Each structure stands twice: as structure tokens, then as C-alpha cells.
Amino acid sequence: MKGLAVSDLFILTEDTDAHQQRVIMYWNPRIECMPTEELKKLQYRELKELVYKLYSFNKFYHDRMVANGVHPDDICCLEDIRKLPFMYKQDLRDNYPDKLFTVPKNEVVRYHVSSGTTGKPTLVGYTQNDLKYWTEALARSLTSIGIGPGDVLQVSYGYGLFTGGLGLHYGGEAVGATVLPSSTGNTQRQVELIQDLGVTAIACTPSFLIHLGEVAQAMGVDLKRDTKLKKAVLGAEPWSESMRAHIQNNLGIDAYDIYGTSEQAGPMFTECEEKNGIHIAGDIMYVEIVDPDTGEPVEKGDKGEMVVTMLQKEAMPMIRYRVRDITYLMEDECACGRTSPRIGRISGRSDDMLIVRGINVFPSQVEYTLMRIPEVGQQYMIYVSREGSLDEMTVQVEIKEEAFSDKVEEMQKLKAKIEAELKKYLNIYAKVELKAPGELPRFEGKAKRVIDTR
Ligand code: DLL
């Protein structure tokens, strides 16, 4: 698939075989290259239909709209979406398990459940069509990074209640890749399979890929030299450009960002081969960026909290759902030719911001600072506690093998250097503890790097 430009699309001739046709379908230039004004019209039509349906057939949405004094007739253009009330995670919890479903139960063909670290879990239901659109979104995304027939895609996201495994599984099969459903865990076996089966692409969390690289190294396997692994589809947790550089330079794997949430369906949208923002399928999801405090739209191109409306979902629609992820809408055109809206890398969540001694600290800022220091490895942990009435922040940092020394003085110097960098970027003092390579915990699924015991 690699090498196809958007201009090459849909050159379906009588000679095009059935398999090729099925795959080319996922280049959907009618939608992906649609002029912005046309896309807006399409989104408006979809929104209008959705709002009428929900107002007429679902008690939750009906009551919400009435309470907010809005009727479907008030939605006269796409921007009128702002008249509709926001939805929050709490709404999903309050209506657990299925009060937000808008189809009869016997039309629901799949459930996924989010683990819910705080409070009740949340349930997401899918109709046949919901699964179709989810797979289509992923298939378009995988195609945009050149994964298709001939690729062996190892899916190392968790299979089960989490959406990562099954989502990428069906997306991978749809584009004609050979899917290896290895799920999480058993890392040595995963390295062996990469070698034995000629795996060319892997989908997993960035932390798992780093871990896999270390395990491979310990087994004497150089992923760059000894395997065919060339692409990684990484997401489900925040990661940084420095981590991308590490993966690409040291493991020899092209790393692409993939984004999604269980409320939207699961993993859905990726960067294209340009690696310049995540393309959002505008016919499937409408994105707004708002100020997290006021809920008002931010200035064009500014960062804020993402609010999503799923335009085609049937079993459990989402209107103006406050995702809490912080990003921005990119305004420039992508060199790949797709006109679909793009969001920048997620820089954190409005609800994972730590307030330490009155100062706002995003874990992503800590990672950004650490990864720019050449002696620092890929693993770190952040501990926040309260000593008396004062907040204390400690950052444990793994040092690279070559930078580690048993000379106390040298280590003291490095510790002071890292503390000074953190102070410069975060504006607060964080105590740094240096750790030897391999000392900090590794993660197979989503990494949990922040422990706040206050
Ligand atoms: O993590 C779905 C997923 C699976 C996405 C596999 C990508 C790959 P949830 O468990 O509902 O769903 O968690 C969603 O994870 O709101 C973000 O805070 C975070 N997240 C997901 N992808 C990224 C990413 C899946 N690429 C929550 N960068 C979201 C940063 C991400 N954060």
C-alpha cells in the first residue's frame, strides 16, 4: 500500500481484482478529501438528524434539551451545536448500565466496559452499524499510514473489555493485513513471534513498545537489525515527540500516534505518513475545542479541551461529550492531500493536572522536560504527597546505562542538573531520585506514572 498518493486513488479498472477493490475502498477520497464547506454541510445534516432522533426517542436527551430550553428546530447551522448542553463522564456513570442506549437491547451486538479507576465503570454498546463505522474509521487510518495487504500486524493492546485489542484487530483485517492477536503480556513470546512470523507492524501503548525493546535487547534481539518490524501504531496514553525520536532512532520503527476513547467507540484516528497531526474522520466525529473552565470556544488554533459529537453512532450516541483531553485543531493543510480536520498531539487531560503548591503541573510537561536531557532513559515516576501542610513532588528517573556511574559526585551533579531543568520548565522544585536502568516499573497496558497520595 505504501507509496499510494491520494491522487492515485480509485483508479478502479476492469482489471482491478476484488481483493484490491475491497482495500482501496478504505481510501475514501470523497469524504477524506472533501472541501471543508461541503464537509460542514454533511456534518450539519447528520447532526440535525441525530438531534431530532434523540429528542424524540431518548428520555435522557429529551429532558436535557428541555431543561436547557433548546429544541431541535433551533439547530439551523453547524455552529448551533453550541446551543446543546455538554455531556460528561458522570452522565455515563449516572445512567449505568444502559439508560443512554437509544436502540432496543436486541440490536446491541457488543459491549465494552471502561475500568473506571474512580467510581462506577462505564458501559458502551454497539450496533452492527456502529462496529462497521468504527472499523471503517480504523481502516482509513491504517491505510493512511501504509498498513495493508502484505503486512503482519501484531495487536498488543489488551483484548477484552478494553477497546484497543478488538478495535485494531478488525481494522487490521479490514485493510487486508494479517493480524496477530497477541494482546498484552508474555513479552518474550511476543519478541519471538515478531521474529518467527515476520511481523511488520505493531499496535500497542508506547510504554509497552519501550518495554518490548528492552526485553528484546536482553534476549539478544536487535529489533532494528533482526526483525522486519517497521511501523508502530501507538496510543491509549500520552507520549511525546522525544519518545517518538527514541523509538525511531533506536528501535528503527516508524512511530504513529493513534487516538480514541471508549465513549467514541475505541481507537479510531491516526496520523498519516506525514506525522503532522491526527486526522479525524469528519463524517464520523465532530470536534470542538473549548476553554475547560468556561466551556466557550477557544480562538482558532488555540489549545483547549476537546468536545466530541459522534455523528453516526446508533446504540449510544454522544453529543458534545467533554472528553477532557487537551489539544488544538490544526488549521494548515496536510501534505497528504486529505482535508479531514486534524488535531495536535494530546498534551494532557484537563482532569490530570496536578496542583502542587498552587502551581499547575501536567505530567506531560514533566515527560517533555525529562526526555530532552540526554542522560535520562525512558522511564520515570511522579510521586506527590503532603508533608505537614506542604505539597512535595518527587520524580524518580531512570538513567541510561552509559550515563550511570558509581561516582557519587557525578550522580549528585546529574541530579542537580535534572532538578534545575524541572524547576525551569515547571516553575516548582521537584526532588529528583536517580534510578539505575531497569529499576522502575514497566507497563504492559496503559502506564500509571503518577501516584498522588494527598
Ligand atoms: O484508550 C482507546 C485507545 C485504544 C486509543 C488504543 C488508542 C489506542 P479509553 O480507555 O477510554 O480508550 O481511554 C481514553 O486515553 O481520553 C486520552 O486521555 C487517552 N489517550 C488515548 N489515546 C491517546 C493518545 C482508549 N494517542 C483516554 N495520546 C483518552 C494521548 C491518549 N492520550
# chains A, B, ... in the order shown; residues from 1 in each chain; ligands from 1
$ residues_near_ligand --ligand "ligand 1" --cutoff "9 Å" --atoms "only C-alpha atoms and all ligand atoms" --output "short mmCIF file (atom, residue, chain, number, x, y, z; two decimals) with all heavy atoms, in the first residue's frame"
data_model
loop_
_atom_site.label_atom_id
_atom_site.label_comp_id
_atom_site.auth_asym_id
_atom_site.auth_seq_id
_atom_site.Cartn_x
_atom_site.Cartn_y
_atom_site.Cartn_z
N VAL A 113 -16.47 -2.20 28.30
CA VAL A 113 -16.61 -1.56 29.61
C VAL A 113 -15.30 -0.90 29.97
O VAL A 113 -14.24 -1.51 29.84
CB VAL A 113 -16.96 -2.62 30.69
CG1 VAL A 113 -17.14 -1.95 32.06
CG2 VAL A 113 -18.22 -3.38 30.32
N SER A 114 -15.37 0.36 30.38
CA SER A 114 -14.12 1.01 30.80
C SER A 114 -13.95 0.74 32.28
O SER A 114 -14.91 0.70 33.04
CB SER A 114 -14.14 2.50 30.48
OG SER A 114 -14.69 3.20 31.55
N SER A 115 -12.68 0.56 32.66
CA SER A 115 -12.40 0.07 34.00
C SER A 115 -12.84 1.04 35.09
O SER A 115 -13.29 0.63 36.15
CB SER A 115 -10.91 -0.22 34.14
OG SER A 115 -10.19 0.93 33.71
N GLY A 116 -12.73 2.35 34.82
CA GLY A 116 -13.20 3.31 35.81
C GLY A 116 -12.38 3.27 37.08
O GLY A 116 -12.75 2.56 38.03
N TYR A 157 -2.44 -4.51 22.09
CA TYR A 157 -3.34 -3.85 23.04
C TYR A 157 -4.15 -4.96 23.69
O TYR A 157 -4.36 -6.03 23.08
CB TYR A 157 -4.30 -2.90 22.32
CG TYR A 157 -3.67 -1.61 21.87
CD1 TYR A 157 -3.54 -1.31 20.52
CD2 TYR A 157 -3.21 -0.68 22.81
CE1 TYR A 157 -2.96 -0.12 20.11
CE2 TYR A 157 -2.63 0.51 22.39
CZ TYR A 157 -2.52 0.78 21.05
OH TYR A 157 -1.94 1.95 20.66
N GLY A 158 -4.66 -4.68 24.89
CA GLY A 158 -5.44 -5.68 25.59
C GLY A 158 -6.72 -6.04 24.82
O GLY A 158 -7.41 -5.16 24.31
N PHE A 162 -11.45 -3.78 27.32
CA PHE A 162 -10.78 -2.62 26.73
C PHE A 162 -10.97 -2.66 25.21
O PHE A 162 -10.98 -3.73 24.60
CB PHE A 162 -9.29 -2.69 27.09
CG PHE A 162 -8.46 -1.57 26.55
CD1 PHE A 162 -8.80 -0.25 26.82
CD2 PHE A 162 -7.33 -1.81 25.78
CE1 PHE A 162 -8.04 0.80 26.33
CE2 PHE A 162 -6.55 -0.77 25.29
CZ PHE A 162 -6.91 0.54 25.56
N THR A 163 -11.09 -1.46 24.61
CA THR A 163 -11.42 -1.40 23.18
C THR A 163 -10.21 -1.56 22.25
O THR A 163 -10.37 -1.78 21.05
CB THR A 163 -12.04 -0.02 22.86
OG1 THR A 163 -11.14 0.99 23.34
CG2 THR A 163 -13.40 0.14 23.51
N GLY A 164 -8.99 -1.42 22.81
CA GLY A 164 -7.78 -1.37 21.96
C GLY A 164 -7.60 -2.62 21.11
O GLY A 164 -7.41 -2.53 19.89
N GLY A 165 -7.63 -3.80 21.75
CA GLY A 165 -7.34 -5.05 21.03
C GLY A 165 -8.32 -5.33 19.91
O GLY A 165 -7.94 -5.40 18.73
N GLY A 167 -10.58 -3.45 18.57
CA GLY A 167 -10.67 -2.36 17.59
C GLY A 167 -9.63 -2.52 16.51
O GLY A 167 -9.95 -2.57 15.31
N LEU A 168 -8.37 -2.62 16.91
CA LEU A 168 -7.30 -2.72 15.90
C LEU A 168 -7.34 -4.05 15.17
O LEU A 168 -6.92 -4.16 14.03
CB LEU A 168 -5.95 -2.45 16.54
CG LEU A 168 -5.76 -0.93 16.55
CD1 LEU A 168 -5.25 -0.42 17.84
CD2 LEU A 168 -4.96 -0.47 15.36
N ALA A 203 0.74 -2.70 17.08
CA ALA A 203 -0.14 -1.70 17.69
C ALA A 203 -0.12 -1.96 19.19
O ALA A 203 -0.45 -3.06 19.64
CB ALA A 203 -1.56 -1.86 17.14
N CYS A 204 0.32 -0.97 19.96
CA CYS A 204 0.40 -1.13 21.42
C CYS A 204 0.58 0.22 22.08
O CYS A 204 0.66 1.24 21.38
CB CYS A 204 1.58 -2.05 21.79
SG CYS A 204 3.18 -1.46 21.24
N THR A 205 0.65 0.24 23.40
CA THR A 205 0.92 1.52 24.06
C THR A 205 2.40 1.84 23.87
O THR A 205 3.23 0.92 23.77
CB THR A 205 0.62 1.45 25.58
OG1 THR A 205 1.43 0.41 26.16
CG2 THR A 205 -0.83 1.18 25.88
N VAL A 233 1.82 1.59 15.86
CA VAL A 233 0.63 2.43 15.99
C VAL A 233 0.40 2.60 17.48
O VAL A 233 -0.10 1.70 18.15
CB VAL A 233 -0.57 1.73 15.31
CG1 VAL A 233 -1.74 2.69 15.17
CG2 VAL A 233 -0.19 1.19 13.94
N LEU A 234 0.82 3.76 18.00
CA LEU A 234 0.95 3.91 19.44
C LEU A 234 -0.04 4.90 20.02
O LEU A 234 -0.15 6.03 19.54
CB LEU A 234 2.37 4.38 19.77
CG LEU A 234 3.51 3.54 19.21
CD1 LEU A 234 4.85 4.17 19.52
CD2 LEU A 234 3.44 2.12 19.77
N GLY A 235 -0.72 4.49 21.07
CA GLY A 235 -1.67 5.41 21.70
C GLY A 235 -2.24 4.82 22.97
O GLY A 235 -1.64 3.93 23.58
N ALA A 236 -3.39 5.31 23.37
CA ALA A 236 -4.10 4.94 24.61
C ALA A 236 -3.52 5.65 25.82
O ALA A 236 -4.06 5.55 26.91
CB ALA A 236 -4.15 3.43 24.84
N GLU A 237 -2.42 6.36 25.63
CA GLU A 237 -1.82 7.14 26.73
C GLU A 237 -0.98 8.25 26.11
O GLU A 237 -0.56 8.14 24.95
CB GLU A 237 -0.95 6.24 27.60
CG GLU A 237 0.25 5.69 26.86
CD GLU A 237 1.07 4.68 27.68
OE1 GLU A 237 0.55 4.19 28.68
OE2 GLU A 237 2.22 4.42 27.30
N PRO A 238 -0.73 9.31 26.87
CA PRO A 238 0.07 10.40 26.30
C PRO A 238 1.50 9.96 26.05
O PRO A 238 2.04 9.14 26.79
CB PRO A 238 0.04 11.47 27.40
CG PRO A 238 -0.99 11.04 28.38
CD PRO A 238 -1.16 9.57 28.24
N TRP A 239 2.10 10.46 25.00
CA TRP A 239 3.52 10.22 24.74
C TRP A 239 4.05 11.44 24.02
O TRP A 239 3.28 12.33 23.64
CB TRP A 239 3.75 8.91 23.99
CG TRP A 239 3.09 8.72 22.66
CD1 TRP A 239 1.74 8.74 22.41
CD2 TRP A 239 3.73 8.48 21.40
NE1 TRP A 239 1.51 8.51 21.08
CE2 TRP A 239 2.71 8.35 20.43
CE3 TRP A 239 5.04 8.34 21.00
CZ2 TRP A 239 2.98 8.10 19.09
CZ3 TRP A 239 5.30 8.08 19.66
CH2 TRP A 239 4.28 7.97 18.72
N SER A 240 5.37 11.50 23.83
CA SER A 240 5.95 12.76 23.38
C SER A 240 6.76 12.60 22.10
O SER A 240 7.08 11.48 21.69
CB SER A 240 6.86 13.30 24.48
OG SER A 240 7.87 12.35 24.75
N TYR A 256 3.65 6.04 14.88
CA TYR A 256 2.48 6.86 14.56
C TYR A 256 1.55 6.94 15.76
O TYR A 256 1.35 5.96 16.48
CB TYR A 256 1.69 6.25 13.39
CG TYR A 256 2.49 6.22 12.11
CD1 TYR A 256 3.29 5.12 11.80
CD2 TYR A 256 2.46 7.29 11.24
CE1 TYR A 256 4.03 5.09 10.63
CE2 TYR A 256 3.21 7.27 10.06
CZ TYR A 256 3.99 6.18 9.77
OH TYR A 256 4.74 6.15 8.62
N ASP A 257 0.95 8.11 15.93
CA ASP A 257 0.04 8.35 17.05
C ASP A 257 -1.37 7.88 16.68
O ASP A 257 -1.85 8.18 15.58
CB ASP A 257 0.03 9.87 17.33
CG ASP A 257 -0.40 10.21 18.74
OD1 ASP A 257 -0.69 9.28 19.51
OD2 ASP A 257 -0.45 11.41 19.05
N ILE A 258 -2.01 7.17 17.59
CA ILE A 258 -3.42 6.77 17.38
C ILE A 258 -4.22 7.23 18.58
O ILE A 258 -3.78 7.10 19.72
CB ILE A 258 -3.58 5.25 17.15
CG1 ILE A 258 -5.07 4.91 16.93
CG2 ILE A 258 -3.02 4.42 18.29
CD1 ILE A 258 -5.31 3.54 16.34
N TYR A 259 -5.41 7.76 18.30
CA TYR A 259 -6.21 8.33 19.38
C TYR A 259 -7.64 7.78 19.32
O TYR A 259 -8.16 7.46 18.26
CB TYR A 259 -6.26 9.86 19.23
CG TYR A 259 -7.19 10.50 20.22
CD1 TYR A 259 -6.80 10.65 21.55
CD2 TYR A 259 -8.46 10.92 19.85
CE1 TYR A 259 -7.67 11.20 22.48
CE2 TYR A 259 -9.33 11.47 20.77
CZ TYR A 259 -8.92 11.61 22.08
OH TYR A 259 -9.79 12.14 23.01
N GLY A 260 -8.24 7.73 20.48
CA GLY A 260 -9.66 7.36 20.57
C GLY A 260 -10.01 7.18 22.03
O GLY A 260 -9.13 7.13 22.89
N THR A 261 -11.30 7.12 22.30
CA THR A 261 -11.74 6.84 23.67
C THR A 261 -12.87 5.82 23.59
O THR A 261 -13.52 5.71 22.54
CB THR A 261 -12.30 8.10 24.37
OG1 THR A 261 -13.57 8.40 23.77
CG2 THR A 261 -11.39 9.29 24.22
N SER A 262 -13.11 5.12 24.68
CA SER A 262 -14.17 4.11 24.62
C SER A 262 -15.53 4.76 24.34
O SER A 262 -16.36 4.16 23.65
CB SER A 262 -14.21 3.27 25.89
OG SER A 262 -13.84 4.02 27.00
N GLU A 263 -15.73 5.99 24.83
CA GLU A 263 -17.04 6.63 24.59
C GLU A 263 -17.27 6.90 23.10
O GLU A 263 -18.40 6.92 22.63
CB GLU A 263 -17.15 7.95 25.36
CG GLU A 263 -17.10 7.82 26.87
CD GLU A 263 -15.67 7.77 27.38
OE1 GLU A 263 -14.73 7.95 26.58
OE2 GLU A 263 -15.50 7.54 28.60
N GLN A 264 -16.17 7.13 22.37
CA GLN A 264 -16.31 7.38 20.92
C GLN A 264 -16.53 6.07 20.17
O GLN A 264 -17.08 6.05 19.09
CB GLN A 264 -15.04 8.03 20.38
CG GLN A 264 -14.87 9.46 20.81
CD GLN A 264 -13.41 9.91 20.73
OE1 GLN A 264 -12.61 9.34 20.00
NE2 GLN A 264 -13.07 10.92 21.50
N ALA A 265 -16.04 4.98 20.71
CA ALA A 265 -16.10 3.60 20.18
C ALA A 265 -14.84 2.88 20.63
O ALA A 265 -14.88 1.75 21.06
CB ALA A 265 -16.19 3.54 18.67
N GLY A 266 -13.70 3.55 20.53
CA GLY A 266 -12.40 2.96 20.84
C GLY A 266 -11.35 3.68 20.01
O GLY A 266 -11.60 4.79 19.53
N PRO A 267 -10.19 3.03 19.79
CA PRO A 267 -9.17 3.66 18.95
C PRO A 267 -9.74 3.89 17.56
O PRO A 267 -10.41 3.02 17.02
CB PRO A 267 -8.05 2.62 18.91
CG PRO A 267 -8.71 1.33 19.24
CD PRO A 267 -9.82 1.66 20.18
N MET A 268 -9.49 5.05 16.98
CA MET A 268 -10.12 5.36 15.69
C MET A 268 -9.23 6.11 14.73
O MET A 268 -9.18 5.82 13.55
CB MET A 268 -11.34 6.25 15.92
CG MET A 268 -12.59 5.56 16.29
SD MET A 268 -13.96 6.71 16.10
CE MET A 268 -15.25 5.60 15.66
N PHE A 269 -8.54 7.13 15.23
CA PHE A 269 -7.92 8.10 14.32
C PHE A 269 -6.41 8.12 14.50
O PHE A 269 -5.92 8.09 15.63
CB PHE A 269 -8.50 9.49 14.58
CG PHE A 269 -10.01 9.50 14.55
CD1 PHE A 269 -10.74 9.86 15.68
CD2 PHE A 269 -10.69 9.12 13.40
CE1 PHE A 269 -12.13 9.86 15.65
CE2 PHE A 269 -12.07 9.12 13.37
CZ PHE A 269 -12.79 9.50 14.50
N THR A 270 -5.69 8.22 13.38
CA THR A 270 -4.23 8.25 13.47
C THR A 270 -3.65 9.41 12.66
O THR A 270 -4.36 10.04 11.87
CB THR A 270 -3.61 6.96 12.87
OG1 THR A 270 -3.92 6.93 11.47
CG2 THR A 270 -4.09 5.71 13.54
N ILE A 278 -3.30 14.36 13.99
CA ILE A 278 -4.18 13.19 13.86
C ILE A 278 -5.39 13.57 13.01
O ILE A 278 -6.11 14.52 13.34
CB ILE A 278 -4.60 12.71 15.26
CG1 ILE A 278 -3.36 12.22 16.01
CG2 ILE A 278 -5.68 11.64 15.19
CD1 ILE A 278 -3.59 11.91 17.46
N VAL A 323 -14.49 15.35 26.61
CA VAL A 323 -13.53 14.24 26.69
C VAL A 323 -12.46 14.50 27.75
O VAL A 323 -11.84 13.58 28.25
CB VAL A 323 -12.83 14.03 25.33
CG1 VAL A 323 -12.11 12.70 25.30
CG2 VAL A 323 -13.79 14.09 24.20
N ARG A 324 -12.20 15.78 28.00
CA ARG A 324 -11.17 16.21 28.97
C ARG A 324 -9.76 16.23 28.40
O ARG A 324 -8.84 16.68 29.07
CB ARG A 324 -11.17 15.36 30.26
CG ARG A 324 -12.46 15.44 31.05
CD ARG A 324 -12.66 16.81 31.61
NE ARG A 324 -13.87 16.96 32.39
CZ ARG A 324 -14.47 18.13 32.60
NH1 ARG A 324 -14.00 19.23 32.09
NH2 ARG A 324 -15.55 18.20 33.33
N ASP A 325 -9.57 15.71 27.17
CA ASP A 325 -8.23 15.74 26.58
C ASP A 325 -7.91 17.14 26.05
O ASP A 325 -8.78 17.79 25.46
CB ASP A 325 -8.12 14.71 25.45
CG ASP A 325 -8.17 13.30 25.99
OD1 ASP A 325 -7.60 13.07 27.07
OD2 ASP A 325 -8.80 12.43 25.36
N ILE A 326 -6.68 17.55 26.24
CA ILE A 326 -6.26 18.88 25.81
C ILE A 326 -5.54 18.79 24.47
O ILE A 326 -4.56 18.04 24.33
CB ILE A 326 -5.30 19.52 26.85
CG1 ILE A 326 -5.94 19.57 28.24
CG2 ILE A 326 -4.84 20.90 26.40
CD1 ILE A 326 -7.08 20.53 28.38
N ARG A 345 -1.11 16.60 18.86
CA ARG A 345 -0.86 15.59 19.90
C ARG A 345 -1.57 15.99 21.21
O ARG A 345 -1.53 17.16 21.60
CB ARG A 345 0.64 15.53 20.12
CG ARG A 345 1.10 14.40 20.99
CD ARG A 345 2.58 14.50 21.21
NE ARG A 345 3.38 13.89 20.16
CZ ARG A 345 3.51 12.58 19.95
NH1 ARG A 345 2.88 11.73 20.71
NH2 ARG A 345 4.27 12.11 18.98
N ILE A 346 -2.18 15.00 21.87
CA ILE A 346 -2.86 15.27 23.15
C ILE A 346 -1.78 15.63 24.18
O ILE A 346 -0.87 14.83 24.42
CB ILE A 346 -3.63 14.03 23.66
CG1 ILE A 346 -4.58 13.48 22.59
CG2 ILE A 346 -4.35 14.31 24.98
CD1 ILE A 346 -5.75 14.33 22.26
N SER A 347 -1.89 16.80 24.78
CA SER A 347 -0.81 17.20 25.69
C SER A 347 -1.15 16.91 27.15
O SER A 347 -0.35 17.18 28.03
CB SER A 347 -0.45 18.66 25.50
OG SER A 347 -1.59 19.45 25.71
N GLY A 348 -2.30 16.37 27.41
CA GLY A 348 -2.67 16.03 28.78
C GLY A 348 -4.18 16.05 28.89
O GLY A 348 -4.88 16.18 27.89
N ARG A 349 -4.66 15.88 30.09
CA ARG A 349 -6.10 15.93 30.32
C ARG A 349 -6.38 17.07 31.29
O ARG A 349 -5.59 17.32 32.19
CB ARG A 349 -6.61 14.62 30.94
CG ARG A 349 -6.44 13.40 30.06
CD ARG A 349 -6.94 12.17 30.78
NE ARG A 349 -8.28 12.32 31.29
CZ ARG A 349 -9.39 12.11 30.58
NH1 ARG A 349 -9.31 11.73 29.34
NH2 ARG A 349 -10.58 12.27 31.12
N ASP A 352 -6.15 15.67 34.64
CA ASP A 352 -4.99 15.02 35.24
C ASP A 352 -3.95 16.06 35.67
O ASP A 352 -2.83 15.74 36.04
CB ASP A 352 -4.37 13.93 34.35
CG ASP A 352 -3.56 14.48 33.17
OD1 ASP A 352 -3.46 15.70 33.03
OD2 ASP A 352 -3.05 13.66 32.39
N LYS A 446 -1.78 0.56 29.72
CA LYS A 446 -1.57 1.99 29.95
C LYS A 446 -0.63 2.19 31.13
O LYS A 446 -0.80 1.56 32.17
CB LYS A 446 -2.90 2.67 30.28
CG LYS A 446 -3.85 2.79 29.12
CD LYS A 446 -5.14 3.45 29.59
CE LYS A 446 -6.24 3.33 28.56
NZ LYS A 446 -6.52 4.58 27.85
#
$ residues_around --residues "A:Asp291" --least-positions-apart "4" --cutoff "7 Å" --atoms "only C-alpha atoms" --output "PyMOL selection string"
chain A and resi 295-298+304-305
$ select_by_dssp --residues "stretch 290-435 of chain A" --states "strand (DSSP E or B)" --output "MDAnalysis selection string"
chainID A and resid 290 297 304:310 321:327 329:330 342:343 348:349 354:356 359:361 376:387 390:399 431:435
$ residues_around --residues "A:Gln90" --least-positions-apart "4" --cutoff "10 Å" --atoms "only C-alpha atoms" --output "list in words"
Asp94, Asn95, Tyr96, Gly119, Lys120 and Thr122 of chain A
$ write_last_selection --atoms "N, CA and C atoms" --output "PDB file, in the first residue's frame"
ATOM      1  N   ASP A  94     -23.977   7.919  35.908  1.00  0.00           N
ATOM      2  CA  ASP A  94     -25.316   8.031  36.493  1.00  0.00           C
ATOM      3  C   ASP A  94     -26.327   7.172  35.752  1.00  0.00           C
ATOM      4  N   ASN A  95     -26.071   6.953  34.455  1.00  0.00           N
ATOM      5  CA  ASN A  95     -27.043   6.216  33.652  1.00  0.00           C
ATOM      6  C   ASN A  95     -26.599   4.791  33.364  1.00  0.00           C
ATOM      7  N   TYR A  96     -25.620   4.327  34.153  1.00  0.00           N
ATOM      8  CA  TYR A  96     -25.102   2.960  34.015  1.00  0.00           C
ATOM      9  C   TYR A  96     -26.198   1.961  34.359  1.00  0.00           C
ATOM     10  N   GLY A 119     -14.973   5.579  40.970  1.00  0.00           N
ATOM     11  CA  GLY A 119     -16.420   5.424  40.799  1.00  0.00           C
ATOM     12  C   GLY A 119     -16.789   4.233  39.936  1.00  0.00           C
ATOM     13  N   LYS A 120     -18.041   4.292  39.480  1.00  0.00           N
ATOM     14  CA  LYS A 120     -18.599   3.180  38.699  1.00  0.00           C
ATOM     15  C   LYS A 120     -17.919   3.069  37.341  1.00  0.00           C
ATOM     16  N   THR A 122     -18.019   2.499  33.158  1.00  0.00           N
ATOM     17  CA  THR A 122     -18.970   2.945  32.141  1.00  0.00           C
ATOM     18  C   THR A 122     -19.075   1.881  31.062  1.00  0.00           C
TER      19      THR A 122
END
$ select_by_dssp --residues "stretch 42-278 of chain A" --states "helix (DSSP H, G or I)" --output "ChimeraX atom specification"
/A:42-57,59-67,72-74,78-83,89-94,105-107,128-144,163-174,187-196,206-218,223-226,241-251
$ closest_residue --among "A:Cys334, A:Leu100, A:Val366, A:Val361" --to "A:Leu54" --atoms "only C-alpha atoms"
A:Leu100
$ residues_around --residues "A:Asp254" --least-positions-apart "2" --cutoff "6 Å" --atoms "only C-alpha atoms" --output "list in words"
Lys230, Lys231 and Gln248 of chain A
$ residues_around --residues "stretch 79-89 of chain A" --least-positions-apart "3" --cutoff "7 Å" --atoms "only C-alpha atoms" --output "list in words"
Met65, Asn68, Val70, Ile75, Cys76, Leu92, Arg93, Ile319, Arg320, Tyr321 and Arg322 of chain A
$ atom_distance --atom1 "atom CA of A:Ile247" --atom2 "atom CA of A:Ala174"
26.9 Å
$ residues_around --residues "A:Leu142" --least-positions-apart "4" --cutoff "9 Å" --atoms "only C-alpha atoms" --output "number ranges by chain"
A: 26, 137-138, 146-148, 171-172, 175, 233, 269-270, 272
$ write_last_selection --atoms "N, CA and C atoms" --output "tab-separated table (two decimals), in the first residue's frame"
chain	number	residue	atom	x	y	z
A	26	TYR	N	-10.99	1.71	1.44
A	26	TYR	CA	-10.69	2.43	2.67
A	26	TYR	C	-9.94	3.73	2.44
A	137	ALA	N	-13.42	3.61	10.20
A	137	ALA	CA	-12.55	4.71	10.63
A	137	ALA	C	-11.12	4.19	10.80
A	138	LEU	N	-11.00	3.04	11.45
A	138	LEU	CA	-9.67	2.49	11.69
A	138	LEU	C	-9.00	2.05	10.40
A	146	GLY	N	-0.10	3.45	5.59
A	146	GLY	CA	0.50	2.46	4.69
A	146	GLY	C	0.49	1.04	5.24
A	147	ILE	N	-0.45	0.73	6.13
A	147	ILE	CA	-0.57	-0.66	6.59
A	147	ILE	C	-1.69	-1.33	5.81
A	148	GLY	N	-1.38	-2.45	5.21
A	148	GLY	CA	-2.38	-3.12	4.38
A	148	GLY	C	-1.95	-4.53	4.03
A	171	GLY	N	-9.91	-3.56	12.43
A	171	GLY	CA	-9.37	-2.56	11.49
A	171	GLY	C	-8.27	-3.17	10.63
A	172	GLY	N	-7.39	-3.94	11.29
A	172	GLY	CA	-6.27	-4.56	10.58
A	172	GLY	C	-6.76	-5.57	9.55
A	175	VAL	N	-8.23	-3.95	6.32
A	175	VAL	CA	-7.32	-3.45	5.28
A	175	VAL	C	-6.52	-4.58	4.63
A	233	VAL	N	1.82	1.59	15.86
A	233	VAL	CA	0.63	2.43	15.99
A	233	VAL	C	0.40	2.60	17.48
A	269	PHE	N	-8.54	7.13	15.23
A	269	PHE	CA	-7.92	8.10	14.32
A	269	PHE	C	-6.41	8.12	14.50
A	270	THR	N	-5.69	8.22	13.38
A	270	THR	CA	-4.23	8.25	13.47
A	270	THR	C	-3.65	9.41	12.66
A	272	CYS	N	-1.26	10.46	9.53
A	272	CYS	CA	-0.96	9.83	8.24
A	272	CYS	C	0.57	9.74	8.13
$ residues_around --residues "A:Leu42" --least-positions-apart "6" --cutoff "12 Å" --atoms "only C-alpha atoms" --output "PyMOL selection string"
chain A and resi 30-31+34-36+48-49+77-78+282-286+311-312
$ closest_residue --among "A:Lys53, A:Val179, A:Leu39, A:Arg386" --to "A:Gln154" --atoms "only C-alpha atoms"
A:Val179
$ closest_residue --among "A:Asp91, A:Gly176, A:Met310, A:Val356" --to "A:Gln43" --atoms "only C-alpha atoms"
A:Met310
$ closest_residue --among "A:Leu426, A:Ala201, A:Ile451, A:Met316" --to "A:Thr227" --atoms "only C-alpha atoms"
A:Ala201
$ closest_residue --among "A:Met318, A:Ala403, A:Met330, A:Ala216" --to "A:Lys300" --atoms "only C-alpha atoms"
A:Met330
